[in-house]
Structures are given as structure tokens and as C-alpha cells.
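**Q** Handing you a structure now.
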Amino acid sequence: MNAFPIIDAHLHFIGNHPDSLAMLEEFNLKLLNVCVSHSSFKWREIMATPYRDLARRYPHRYAWCTAFVSPGFDDPDYAERAIRDLERDFADGAIACKVWKDLGMDLRDPQGRYVMVDDPIFAPIFEHLAHRGKPLLMHIGEPLSCWQPLNPASPHYNYYSKNPRWHVYGRPGFPSHAEILAARDRVIENHPRLRVIGAHLGSLEHDVREIARRMERFPNFAVDTSARLTDLAFQDPSVVRDFLHRFSDRVLFGTDIVARTPQDQMTPEERTELLDAARANYRRHLAFLGGRAPVEFQGRSIPGLGLSADLMEKLFFANARAWYPGI
Ligand SMILES: [Zn+2]
């Protein structure tokens, strides 16, 4: 069904069952499993370890991206320890590192201020990644609708109505979308040798022209499309097509499928449901980006973008290989 191999450059998928591997075979897929570091769950146990094991066992199907723990502010050796952990993960096959939206939106310093991603405490870690040639996947900030009233027409209505903890509209004292992304942009600017991939269209999914502005400024910046197909579908197709052509080397396909249970521990019914949903997700991306027939988005029927075979191959495969060395 797809003429080229696909790399899904952003998801969370413990596909250790023969049925899962068969699905990957069908699409000729390789997956980049991404760790999310947060103090509220044991990400080393539930993500890093199974992701590492999958990449070891099925290196042609899986790669993994690690993360680092949030700072203890009374620890003068924080960055040194984080770097030591990263080095252990790189030795265990990790090809990249992720930072998450808790920086800027959740984590606070001892004075109660939100800790931004450009806080000097992280600079040695980012410099180390640049020096080691390991890319940084940055999920910093959220879609603009996180700061706006709930709106059923928004692509993000479902998420914020179910995750009110992350919906910050009307919360006084909360950093703005612009402030959070300015901190992110300063990291990209301050570490020009660091390769940065902005997850979820770089949290600028509401307008590809905003992404283009960053790409013009920062040659070390790319984005992945994970969980943001609807945002692309709801924008002017000619603007989206121009953007994808203009930055044809800097947009990476990803789905952000989240399936935390190891698939060999699911019931056959659960597994079939998950794998069928994954198949449908891959087909939908291929159909909307590569085809011209209408695809349904939140009750709206939107014609596919009909991107060229050459561009599809970059988006779905070659760009991930260029931005994630070793994948
Ligand atoms: Zn994700």
C-alpha cells in the first residue's frame, strides 16, 4: 500500500507481540518510541526499559528516544548526573533525548516560579547533546487552544475536555503560549549545533506560517507532525502545501499513538482493536497527505493534499533518517 518504507518518528508503542510485528511488516514501518519524563509516573520502568528492549530485539523495527529527570534544585550535580544517565542510555541504544511540556507548564522552582526550558540549569545537558550529535525532541508548550475557552470546533477540544489539568485558559499567573515558546526558541538559538525537533508541529500547529518563521531563523530546527493531522487539514491547503514544499527536508511524520500496555499482556480483543486503530491511523495519514480524495475530520470532509511521491518519501522516511542519525 505504501511504495516506500515508513518511519513513525514519534509514538509510544510496546509492540512486542507477533501480531504487532506483523502490522509493522505490512506497512514496512520502523518506530521511534519516545520516553516522557515526569515525576508522576515511573517512566524508566514503563517506557525506557521496554523501549530499549524492543530496539535491541528488533533493531529494524524499533528505535528509542530517552529523556532526563526533572531537577532537584538543591542538587549542584544535577546536570552532571543527568548527563551520566543519558550516556548510559546512549550506550543502551537510545538515539535521541526528549524534553516535555512540564518545563514551562508544571514544574516550579523553590520560589514557586515556573521553570522554563531555557533555565541555565539545563544548558550543560543541551550542550552535551550537541557535542554528542544526539538530537533533542522538544515537546514544549501546548496548542494555542490550551489558553483559549473550550471550543468544540477546535482539533484539541477532545483532549482539553478530558484533560482539564492541562487546559490553562483563565488561570491567572500562568505563563503564556508566547512566553513558553520564546524560552524554547532561545534554547534552539543558544545551541546552534544542537539538532532540535519540535514535537506536534512545534506547538505552532494553529498556523504553519508561524512554524516557517522559526525555520527561517533556525536552520537547526525541524518539526514532527505527531497527533496534528487535523490541524494541517483545517488550514488553507495551498498554504500548507507551500510550507511542506518549502521545508521539505524539515518535517517528519509521526502519529503519537499512545499504547502503554505491553501488547503481549493485552487480551486478543484489546490487541486487535489497538492494531486496527493503528492501521487506520497510518492509512489516514497516507490518504490525506498523498491522496486527493476527501478525508473526514471532525465531521468535515476535506480533500487530500495530494503531495508528490518524492515529498511523501521525504516526509515519511528520509527526513527522520537525516534528523535522527542512527535511526
Ligand atoms: Zn508523544
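In the C-alpha cells, chains take letters A, B, ... by order of appearance, with residues numbered from 1 within each chain and ligands from 1 in the order shown.
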Name all residues at most 12 Å from Leu107 (chain A) (count only C-alpha atoms; drop same-chain ones fewer than 5 positions away) and give them as a PyMOL selection string.

**A** chain A and resi 37-40+69-73+100-102+112-117+119+174-175

**Q** So that I have them on file, write out the residues from the current selection with C-alpha atoms, as an mmCIF file, in the first residue's frame.

**A**
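Just written: out_5.cif:
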data_model
loop_
_atom_site.group_PDB
_atom_site.id
_atom_site.type_symbol
_atom_site.label_atom_id
_atom_site.label_comp_id
_atom_site.auth_asym_id
_atom_site.auth_seq_id
_atom_site.Cartn_x
_atom_site.Cartn_y
_atom_site.Cartn_z
ATOM 1 C CA SER A 37 9.922 12.143 31.782
ATOM 2 C CA HIS A 38 7.627 13.214 34.585
ATOM 3 C CA SER A 39 7.728 12.700 38.324
ATOM 4 C CA SER A 40 4.108 11.459 38.327
ATOM 5 C CA VAL A 69 14.754 13.555 35.153
ATOM 6 C CA SER A 70 13.465 16.914 36.350
ATOM 7 C CA PRO A 71 15.850 18.864 38.546
ATOM 8 C CA GLY A 72 16.184 18.797 42.256
ATOM 9 C CA PHE A 73 17.128 22.415 42.845
ATOM 10 C CA TRP A 100 8.471 17.583 27.886
ATOM 11 C CA LYS A 101 5.898 20.292 28.454
ATOM 12 C CA ASP A 102 6.193 20.068 32.241
ATOM 13 C CA GLY A 112 7.216 28.871 43.157
ATOM 14 C CA ARG A 113 8.127 30.157 39.691
ATOM 15 C CA TYR A 114 7.524 28.010 36.644
ATOM 16 C CA VAL A 115 10.803 26.523 35.438
ATOM 17 C CA MET A 116 11.329 27.332 31.773
ATOM 18 C CA VAL A 117 13.274 25.136 29.376
ATOM 19 C CA ASP A 119 16.745 27.819 32.598
ATOM 20 C CA PHE A 174 0.229 31.061 34.148
ATOM 21 C CA PRO A 175 2.958 31.627 31.503
#

**Q** Give me, as JSON, numbers by chain, all polymer residues having an atom no more than 12 Å from Asn28 (chain A), counting only C-alpha atoms and skipping those fewer than 4 positions away in the same chain.

**A** {"A": [1, 2, 3, 4, 5, 6, 7, 8, 21, 22, 23, 24, 60, 61, 62, 279, 282, 316, 317]}

**Q** Throw together the list of residues within 12 Å of ligand 1, counting only C-alpha atoms and all ligand atoms, and drop it here as a ChimeraX atom specification.

**A** /A:8-13,32-37,47,65,98-101,137-140,198-201,224-228,254-260

**Q** Can I get the selection written as a compact mmCIF listing (two decimals), in the first residue's frame, with C-alpha atoms?

**A**
# COMPACT_ATOMS: atom_id res chain seq x y z
CA ASP A 8 6.96 6.87 12.52
CA ALA A 9 9.21 9.34 14.33
CA HIS A 10 7.06 9.86 17.43
CA LEU A 11 4.94 7.38 19.34
CA HIS A 12 4.70 5.28 22.49
CA PHE A 13 4.09 1.68 21.48
CA LEU A 32 10.76 5.73 17.23
CA ASN A 33 9.47 5.11 20.76
CA VAL A 34 9.68 8.24 22.84
CA CYS A 35 10.12 8.43 26.63
CA VAL A 36 8.22 11.08 28.56
CA SER A 37 9.92 12.14 31.78
CA MET A 47 8.84 3.34 28.95
CA CYS A 65 14.47 8.21 22.45
CA LYS A 98 13.19 14.36 24.74
CA VAL A 99 12.10 17.25 26.94
CA TRP A 100 8.47 17.58 27.89
CA LYS A 101 5.90 20.29 28.45
CA LEU A 137 12.94 16.28 20.67
CA MET A 138 11.18 19.19 22.32
CA HIS A 139 7.56 19.00 23.33
CA ILE A 140 7.41 22.42 24.93
CA GLY A 198 9.70 20.34 17.70
CA ALA A 199 7.07 17.73 18.57
CA HIS A 200 3.47 18.29 17.46
CA LEU A 201 4.42 20.83 14.77
CA ASP A 224 7.20 16.33 13.61
CA THR A 225 3.53 16.03 12.67
CA SER A 226 2.59 13.79 15.60
CA ALA A 227 -1.10 13.99 16.52
CA ARG A 228 -1.54 17.12 14.40
CA GLY A 254 4.79 10.87 13.43
CA THR A 255 1.48 9.66 14.86
CA ASP A 256 1.87 9.91 18.65
CA ILE A 257 -0.01 6.64 19.09
CA VAL A 258 -0.06 6.07 22.86
CA ALA A 259 -0.30 2.40 23.94
CA ARG A 260 1.36 1.96 27.31

**Q** Check region 222-319 of chain A with DSSP on the backbone and list each residue it calls alpha helix (DSSP H), as a ChimeraX atom specification.

**A** /A:229-233,237-246,268-290,309-313,319

**Q** Produce a file of the selected residues containing N, CA and C atoms, as a CSV table (one decimal), in the first residue's frame.

**A**
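File produced: again.csv:
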chain,number,residue,atom,x,y,z
A,229,LEU,N,-2.5,16.0,12.5
A,229,LEU,CA,-3.0,15.9,11.1
A,229,LEU,C,-4.2,16.8,10.9
A,230,THR,N,-5.1,16.8,11.9
A,230,THR,CA,-6.3,17.7,11.8
A,230,THR,C,-6.0,19.2,11.7
A,231,ASP,N,-4.9,19.6,12.5
A,231,ASP,CA,-4.5,21.0,12.4
A,231,ASP,C,-4.1,21.3,11.0
A,232,LEU,N,-3.4,20.4,10.3
A,232,LEU,CA,-3.0,20.7,8.9
A,232,LEU,C,-4.2,20.7,8.0
A,233,ALA,N,-5.2,19.8,8.3
A,233,ALA,CA,-6.3,19.7,7.4
A,233,ALA,C,-7.2,20.9,7.5
A,237,PRO,N,-5.3,24.8,2.3
A,237,PRO,CA,-4.4,23.7,1.7
A,237,PRO,C,-3.3,24.3,0.9
A,238,SER,N,-3.5,25.4,0.2
A,238,SER,CA,-2.3,25.9,-0.6
A,238,SER,C,-1.2,26.4,0.3
A,239,VAL,N,-1.6,27.0,1.5
A,239,VAL,CA,-0.5,27.5,2.4
A,239,VAL,C,0.2,26.3,3.0
A,240,VAL,N,-0.5,25.2,3.3
A,240,VAL,CA,0.1,24.0,3.9
A,240,VAL,C,1.0,23.3,2.9
A,241,ARG,N,0.5,23.2,1.7
A,241,ARG,CA,1.3,22.6,0.6
A,241,ARG,C,2.6,23.4,0.4
A,242,ASP,N,2.5,24.7,0.3
A,242,ASP,CA,3.7,25.6,0.1
A,242,ASP,C,4.7,25.4,1.3
A,243,PHE,N,4.2,25.3,2.5
A,243,PHE,CA,5.0,25.1,3.6
A,243,PHE,C,5.8,23.8,3.5
A,244,LEU,N,5.0,22.7,3.2
A,244,LEU,CA,5.7,21.4,3.1
A,244,LEU,C,6.7,21.3,2.0
A,245,HIS,N,6.4,22.1,0.9
A,245,HIS,CA,7.4,22.1,-0.2
A,245,HIS,C,8.6,22.9,0.2
A,246,ARG,N,8.4,24.0,0.8
A,246,ARG,CA,9.5,24.9,1.1
A,246,ARG,C,10.4,24.3,2.1
A,268,PRO,N,-6.5,-10.8,23.4
A,268,PRO,CA,-6.5,-10.7,21.9
A,268,PRO,C,-7.5,-9.6,21.4
A,269,GLU,N,-8.6,-9.4,22.0
A,269,GLU,CA,-9.5,-8.4,21.6
A,269,GLU,C,-9.0,-7.0,21.7
A,270,GLU,N,-8.3,-6.7,22.8
A,270,GLU,CA,-7.7,-5.4,23.0
A,270,GLU,C,-6.6,-5.2,22.0
A,271,ARG,N,-5.9,-6.2,21.7
A,271,ARG,CA,-4.7,-6.1,20.8
A,271,ARG,C,-5.2,-5.8,19.4
A,272,THR,N,-6.2,-6.6,19.0
A,272,THR,CA,-6.8,-6.4,17.6
A,272,THR,C,-7.4,-5.0,17.5
A,273,GLU,N,-8.0,-4.5,18.5
A,273,GLU,CA,-8.6,-3.2,18.4
A,273,GLU,C,-7.5,-2.1,18.3
A,274,LEU,N,-6.5,-2.3,19.1
A,274,LEU,CA,-5.3,-1.3,19.0
A,274,LEU,C,-4.7,-1.4,17.7
A,275,LEU,N,-4.4,-2.6,17.2
A,275,LEU,CA,-3.6,-2.7,15.9
A,275,LEU,C,-4.5,-2.2,14.7
A,276,ASP,N,-5.8,-2.5,14.8
A,276,ASP,CA,-6.7,-2.0,13.7
A,276,ASP,C,-6.7,-0.5,13.7
A,277,ALA,N,-6.7,0.1,14.9
A,277,ALA,CA,-6.8,1.6,15.0
A,277,ALA,C,-5.4,2.2,14.5
A,278,ALA,N,-4.3,1.5,14.8
A,278,ALA,CA,-3.0,1.9,14.3
A,278,ALA,C,-3.0,1.9,12.7
A,279,ARG,N,-3.5,0.7,12.2
A,279,ARG,CA,-3.6,0.6,10.7
A,279,ARG,C,-4.4,1.8,10.1
A,280,ALA,N,-5.5,2.0,10.7
A,280,ALA,CA,-6.4,3.1,10.2
A,280,ALA,C,-5.7,4.4,10.3
A,281,ASN,N,-4.9,4.6,11.4
A,281,ASN,CA,-4.2,5.9,11.6
A,281,ASN,C,-3.2,6.1,10.4
A,282,TYR,N,-2.4,5.0,10.2
A,282,TYR,CA,-1.4,5.1,9.1
A,282,TYR,C,-2.0,5.3,7.7
A,283,ARG,N,-3.1,4.6,7.5
A,283,ARG,CA,-3.8,4.8,6.2
A,283,ARG,C,-4.3,6.2,6.0
A,284,ARG,N,-4.9,6.7,7.1
A,284,ARG,CA,-5.4,8.1,7.1
A,284,ARG,C,-4.4,9.1,6.7
A,285,HIS,N,-3.2,9.0,7.4
A,285,HIS,CA,-2.1,9.9,7.1
A,285,HIS,C,-1.7,9.8,5.6
A,286,LEU,N,-1.5,8.6,5.1
A,286,LEU,CA,-1.1,8.4,3.7
A,286,LEU,C,-2.2,8.9,2.8
A,287,ALA,N,-3.5,8.7,3.1
A,287,ALA,CA,-4.6,9.1,2.3
A,287,ALA,C,-4.7,10.6,2.2
A,288,PHE,N,-4.6,11.3,3.4
A,288,PHE,CA,-4.8,12.7,3.4
A,288,PHE,C,-3.5,13.4,2.8
A,289,LEU,N,-2.3,13.0,3.1
A,289,LEU,CA,-1.2,13.7,2.6
A,289,LEU,C,-0.8,13.4,1.2
A,290,GLY,N,-1.0,12.1,0.8
A,290,GLY,CA,-0.6,11.7,-0.5
A,290,GLY,C,-1.7,11.6,-1.5
A,309,ALA,N,5.1,12.0,-4.8
A,309,ALA,CA,5.7,10.8,-4.3
A,309,ALA,C,7.0,11.1,-3.7
A,310,ASP,N,7.8,12.1,-4.3
A,310,ASP,CA,9.1,12.5,-3.8
A,310,ASP,C,9.0,13.1,-2.4
A,311,LEU,N,8.0,14.0,-2.3
A,311,LEU,CA,7.8,14.7,-1.0
A,311,LEU,C,7.3,13.7,0.1
A,312,MET,N,6.4,12.8,-0.3
A,312,MET,CA,5.9,11.8,0.6
A,312,MET,C,7.0,11.0,1.2
A,313,GLU,N,8.0,10.6,0.3
A,313,GLU,CA,9.1,9.8,0.7
A,313,GLU,C,10.0,10.5,1.7
A,319,ASN,N,13.5,12.2,6.0
A,319,ASN,CA,13.7,13.2,6.9
A,319,ASN,C,14.0,12.7,8.3

**Q** Report the distance between CA of Asp19 (chain A) and CA of Arg57 (chain A) in Å, rounded to one decimal place.

**A**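 Taking CA of Asp19 (chain A) and CA of Arg57 (chain A), their separation equals 15.6 Å.
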
**Q** Asn16 (chain A): which residues within 8 Å, counting only C-alpha atoms, same-chain residues fewer than 6 positions away excluded, as a list in words?

**A**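 Near Asn16 (chain A), the qualifying residues are Leu54, Pro262, Gln263 and Asp264 of chain A.
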
**Q** One decimal, in Å: what's the spacing between CA of Pro143 (chain A) and CA of Ile125 (chain A)?

**A**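 Straight-line distance from CA of Pro143 (chain A) to CA of Ile125 (chain A) works out to 26.1 Å.
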
**Q** Using CA of Cys97 (chain A) and CA of Leu194 (chain A) as the two end points, give the distance in Å to one decimal.

**A** 11.3 Å

**Q** Go through A:Phe126, A:Arg84, A:Arg193, A:Phe234 one by one, measure the shortest atom-to-atom distance of each to Val295 (chain A) using only C-alpha atoms, and give the residue with the smallest value.

**A** A:Phe234

**Q** Name the residues in contact with His128 (chain A) at a cut-off of 12 Å, using only C-alpha atoms, excluding same-chain residues fewer than 6 positions from it; report them as a short mmCIF file (atom, residue, chain, number, x, y, z; two decimals) with C-alpha atoms, in the first residue's frame.

**A**
data_model
loop_
_atom_site.label_atom_id
_atom_site.label_comp_id
_atom_site.auth_asym_id
_atom_site.auth_seq_id
_atom_site.Cartn_x
_atom_site.Cartn_y
_atom_site.Cartn_z
CA ALA A 79 23.28 18.32 35.15
CA GLU A 80 26.27 16.06 35.66
CA ALA A 82 21.55 13.77 34.03
CA ILE A 83 24.41 13.57 31.51
CA ARG A 84 25.68 10.38 33.11
CA LEU A 86 21.98 9.95 29.16
CA GLU A 87 25.32 8.38 28.35
CA ALA A 96 17.89 10.99 20.96
CA CYS A 97 16.56 12.77 24.05
CA PHE A 122 19.64 22.62 31.61
CA LYS A 134 22.25 13.48 19.62
CA PRO A 135 19.07 15.32 18.63
CA LEU A 136 16.66 16.87 21.14
CA HIS A 191 22.72 25.86 20.92
CA ARG A 193 24.89 22.86 16.86
CA LEU A 194 22.02 21.08 18.64
CA ARG A 195 19.57 19.45 16.27
#

**Q** Considering only C-alpha atoms, state which residue in the set A:Asn151, A:Asn163, A:Asn190, A:Ser176 is at the smallest distance from Pro120 (chain A).

**A**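 Ranked by minimum distance to Pro120 (chain A), first place goes to A:Asn190.
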
**Q** I'd like to know which of A:Gly170, A:Pro219, A:Gly202, A:Pro155 is closest to Phe297 (chain A), using only C-alpha atoms.

**A**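 Looking only at the distances to Phe297 (chain A), the closest residue turns out to be A:Pro155.
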
**Q** I want to know what sits within 12 Å of Met215 (chain A), based on only C-alpha atoms, with residues of the same chain fewer than 3 positions away left out; could you give that as a list in words?

**A**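 My list of contacting residues is Asp185, Ile188, Glu189, Val196, Ile197, Gly198, Leu201, Gly202, Leu204, Val208, Arg209, Glu210, Ile211, Ala212, Phe218, Pro219, Asn220, Phe221, Ala222, Val223, Phe243, Leu244, Arg246, Phe247, Ser248, Asp249, Arg250 and Val251 of chain A.
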